[in-house]
Amino acid sequence: MRLGVNLDHVATVREARKTVEPDPVQAAVLAELGGADGITVHLRGDRRHIQERDVELLKRTIKTRLNVEIAPTDEMIEIMLDILPHQVTLVPERREEVTTEGGLDVVLQMDYLKPKINRLKGAGIEVSIFVDPDTEQIKAAGKLMVEAIEINTGKYAEAEKEKIASELEAIENAAKLGRRIGLKVYAGHGLNYRNVQPIVEIAEIEELNIGHSIVARAIFVGMERAVREMKALLRR
């Protein structure tokens, strides 16, 4: 299973002092040395962590794939068409949230999303949509002809012990549906070194995007080792 390492919170530390370190690009190089299969960052409208310059430098520097999470706004689409990352993942975004709180409502926004997705795809950018493990949302994503979905694992990660099995079943069913209708299936949100392995066992999921847990671990052992340890847990 592939691992995309989300480096948003390297930039969070930097922006806490509005300085130049730590550098997400340097972290990306170390993550790749640790075995990362891709680098993920979220360029938010309020620029609370990752900046446009980070995305531009990452595109020029890394040797794997760059996945940029964005809200599907005209501003962000234009930035992506200028930088041309390998992949764009469309996510919901609210200024007051600490982190992304749920999947994009594709059903409600199909007419709004379609031209934006077509513009990204026309530029050769692979498009993924971050969705909750919900049948109707996944079917709607399929109708938009995106290449992939990323299933939100947040409820699973936060579930009380008695609810873990049902949340895991929902993710597995969503992954099976996504694969059945021809989508690549990724997953992420809230995954860490303790809860990731049941997700790894879902055969239809081919990539996980994990950030906070790896960055937190990297504080103590370094980015390269933190990524290697996570990669070891992703072996089927």
# chains A, B, ... in the order shown; residues from 1 in each chain; ligands from 1
$ residues_around --residues "range 210-220 of chain A" --least-positions-apart "3" --cutoff "10 Å" --atoms "only C-alpha atoms" --output "MDAnalysis selection string"
chainID A and resid 3:10 27 31 39:41 187:194 196 207 223:230
$ select_by_dssp --residues "range 40-169 of chain A" --states "helix (DSSP H, G or I)" --output "PyMOL selection string"
chain A and resi 52-61+74-83+106-122+135-143+154-158+161-169
$ residues_around --residues "Ile125 in chain A" --least-positions-apart "3" --cutoff "6 Å" --atoms "only C-alpha atoms" --output "PyMOL selection string"
chain A and resi 86-87+120-121
$ write_last_selection --atoms "C-alpha atoms" --output "PDB file, in the first residue's frame"
ATOM      1  CA  HIS A  86       0.287  15.631 -10.130  1.00  0.00           C
ATOM      2  CA  GLN A  87      -3.004  15.391  -8.239  1.00  0.00           C
ATOM      3  CA  LEU A 120      -8.249  20.365 -13.849  1.00  0.00           C
ATOM      4  CA  LYS A 121      -8.470  17.177 -15.878  1.00  0.00           C
TER       5      LYS A 121
END
$ select_by_dssp --residues "range 17-217 of chain A" --states "strand (DSSP E or B)" --output "PyMOL selection string"
chain A and resi 38-42+65-70+87-90+126-131+148-152+184-188+207-210
$ write_last_selection --atoms "C-alpha atoms" --output "PDB file, in the first residue's frame"
ATOM      1  CA  GLY A  38       3.917  10.916  -2.369  1.00  0.00           C
ATOM      2  CA  ILE A  39       3.668  14.257  -0.603  1.00  0.00           C
ATOM      3  CA  THR A  40       0.351  15.860   0.318  1.00  0.00           C
ATOM      4  CA  VAL A  41      -0.314  19.446   1.382  1.00  0.00           C
ATOM      5  CA  HIS A  42      -3.501  21.456   1.886  1.00  0.00           C
ATOM      6  CA  ARG A  65       3.998  12.708  -6.567  1.00  0.00           C
ATOM      7  CA  LEU A  66       2.550  15.974  -5.280  1.00  0.00           C
ATOM      8  CA  ASN A  67      -1.073  15.907  -4.125  1.00  0.00           C
ATOM      9  CA  VAL A  68      -2.604  19.259  -3.212  1.00  0.00           C
ATOM     10  CA  GLU A  69      -5.821  19.420  -1.212  1.00  0.00           C
ATOM     11  CA  ILE A  70      -7.957  22.455  -2.028  1.00  0.00           C
ATOM     12  CA  GLN A  87      -3.004  15.391  -8.239  1.00  0.00           C
ATOM     13  CA  VAL A  88      -5.611  17.686  -6.719  1.00  0.00           C
ATOM     14  CA  THR A  89      -7.936  16.456  -3.979  1.00  0.00           C
ATOM     15  CA  LEU A  90     -11.110  18.487  -3.569  1.00  0.00           C
ATOM     16  CA  GLU A 126      -5.524  13.785 -11.666  1.00  0.00           C
ATOM     17  CA  VAL A 127      -8.585  14.679  -9.586  1.00  0.00           C
ATOM     18  CA  SER A 128      -9.657  13.003  -6.358  1.00  0.00           C
ATOM     19  CA  ILE A 129     -12.546  13.913  -4.067  1.00  0.00           C
ATOM     20  CA  PHE A 130     -12.473  13.551  -0.280  1.00  0.00           C
ATOM     21  CA  VAL A 131     -15.761  11.859   0.638  1.00  0.00           C
ATOM     22  CA  ALA A 148     -10.143   8.698  -7.473  1.00  0.00           C
ATOM     23  CA  ILE A 149     -11.881   9.145  -4.155  1.00  0.00           C
ATOM     24  CA  GLU A 150     -10.273   9.500  -0.752  1.00  0.00           C
ATOM     25  CA  ILE A 151     -12.480   7.983   1.923  1.00  0.00           C
ATOM     26  CA  ASN A 152     -12.722   9.958   5.143  1.00  0.00           C
ATOM     27  CA  LYS A 184      -9.025   4.489  -7.521  1.00  0.00           C
ATOM     28  CA  VAL A 185      -9.607   4.304  -3.784  1.00  0.00           C
ATOM     29  CA  TYR A 186      -7.516   6.181  -1.230  1.00  0.00           C
ATOM     30  CA  ALA A 187      -8.223   6.869   2.454  1.00  0.00           C
ATOM     31  CA  GLY A 188      -7.123   9.137   5.243  1.00  0.00           C
ATOM     32  CA  GLU A 207      -3.077   4.577  -0.779  1.00  0.00           C
ATOM     33  CA  LEU A 208      -3.294   6.264   2.605  1.00  0.00           C
ATOM     34  CA  ASN A 209      -2.658   9.945   3.300  1.00  0.00           C
ATOM     35  CA  ILE A 210      -1.350  10.466   6.832  1.00  0.00           C
TER      36      ILE A 210
END
$ residues_around --residues "Ile117 in chain A" --least-positions-apart "4" --cutoff "9 Å" --atoms "only C-alpha atoms" --output "PyMOL selection string"
chain A and resi 72+77+113+121-122+127+144-146
$ residues_around --residues "Thr61 in chain A" --least-positions-apart "4" --cutoff "9 Å" --atoms "only C-alpha atoms" --output "VMD selection string"
chain A and resid 25 28 to 29 56 to 57
$ write_last_selection --atoms "C-alpha atoms" --output "tab-separated table (two decimals), in the first residue's frame"
chain	number	residue	atom	x	y	z
A	25	VAL	CA	10.29	21.18	1.38
A	28	ALA	CA	9.41	16.34	2.04
A	29	VAL	CA	12.91	15.31	0.98
A	56	GLU	CA	5.62	25.68	-6.12
A	57	LEU	CA	8.90	24.57	-4.50
$ closest_residue --among "A:Gly34, A:Asn173, A:Gly124, A:Tyr156" --to "Val221 in chain A" --atoms "only C-alpha atoms"
A:Gly34
$ closest_residue --among "A:Gln197, A:Gln109, A:Thr135, A:Thr12" --to "Pro24 in chain A" --atoms "only C-alpha atoms"
A:Thr12
$ atom_distance --atom1 "CA of Ala175 in chain A" --atom2 "CA of Met80 in chain A"
27.2 Å
$ residues_around --residues "Glu78 in chain A" --least-positions-apart "5" --cutoff "10 Å" --atoms "only C-alpha atoms" --output "list in words"
Thr73, Ile83, Leu84, Lys116, Arg119 and Leu120 of chain A
$ write_last_selection --atoms "N, CA and C atoms" --output "short mmCIF file (atom, residue, chain, number, x, y, z; two decimals), in the first residue's frame"
data_model
loop_
_atom_site.label_atom_id
_atom_site.label_comp_id
_atom_site.auth_asym_id
_atom_site.auth_seq_id
_atom_site.Cartn_x
_atom_site.Cartn_y
_atom_site.Cartn_z
N THR A 73 -12.72 26.23 -5.12
CA THR A 73 -13.03 27.63 -5.41
C THR A 73 -12.31 28.06 -6.68
N ILE A 83 0.39 25.90 -11.20
CA ILE A 83 1.45 25.06 -10.62
C ILE A 83 1.48 23.67 -11.24
N LEU A 84 0.32 23.13 -11.58
CA LEU A 84 0.19 21.80 -12.18
C LEU A 84 0.78 20.68 -11.31
N LYS A 116 -15.25 22.69 -12.85
CA LYS A 116 -13.95 22.84 -12.19
C LYS A 116 -13.12 21.56 -12.35
N ARG A 119 -11.80 21.36 -15.89
CA ARG A 119 -10.65 22.23 -16.13
C ARG A 119 -9.36 21.59 -15.60
N LEU A 120 -9.43 21.02 -14.42
CA LEU A 120 -8.25 20.36 -13.85
C LEU A 120 -7.82 19.17 -14.69
#
$ atom_distance --atom1 "CA of Arg17 in chain A" --atom2 "CA of Leu58 in chain A"
21.4 Å
$ residues_around --residues "Pro198 in chain A" --least-positions-apart "3" --cutoff "10 Å" --atoms "only C-alpha atoms" --output "compact mmCIF listing (two decimals) with N, CA and C atoms, in the first residue's frame"
# COMPACT_ATOMS: atom_id res chain seq x y z
N ALA A 165 -16.04 -1.31 14.88
CA ALA A 165 -16.34 -2.33 13.87
C ALA A 165 -17.31 -1.80 12.82
N LEU A 168 -15.54 0.72 10.56
CA LEU A 168 -14.62 0.01 9.67
C LEU A 168 -15.39 -0.67 8.54
N GLU A 172 -15.00 -0.14 4.48
CA GLU A 172 -14.76 -1.27 3.58
C GLU A 172 -15.82 -1.33 2.48
N ARG A 194 -1.32 3.46 15.72
CA ARG A 194 -2.09 2.49 16.51
C ARG A 194 -3.34 1.98 15.79
N ASN A 195 -3.91 2.81 14.91
CA ASN A 195 -5.21 2.41 14.33
C ASN A 195 -5.17 2.11 12.84
N GLU A 201 -5.76 -3.55 5.82
CA GLU A 201 -6.27 -4.86 5.43
C GLU A 201 -7.42 -4.79 4.42
N ILE A 202 -7.93 -3.61 4.13
CA ILE A 202 -8.99 -3.46 3.13
C ILE A 202 -8.34 -3.46 1.75
N LEU A 234 2.23 -0.49 6.76
CA LEU A 234 1.38 -0.54 5.56
C LEU A 234 1.64 -1.77 4.71
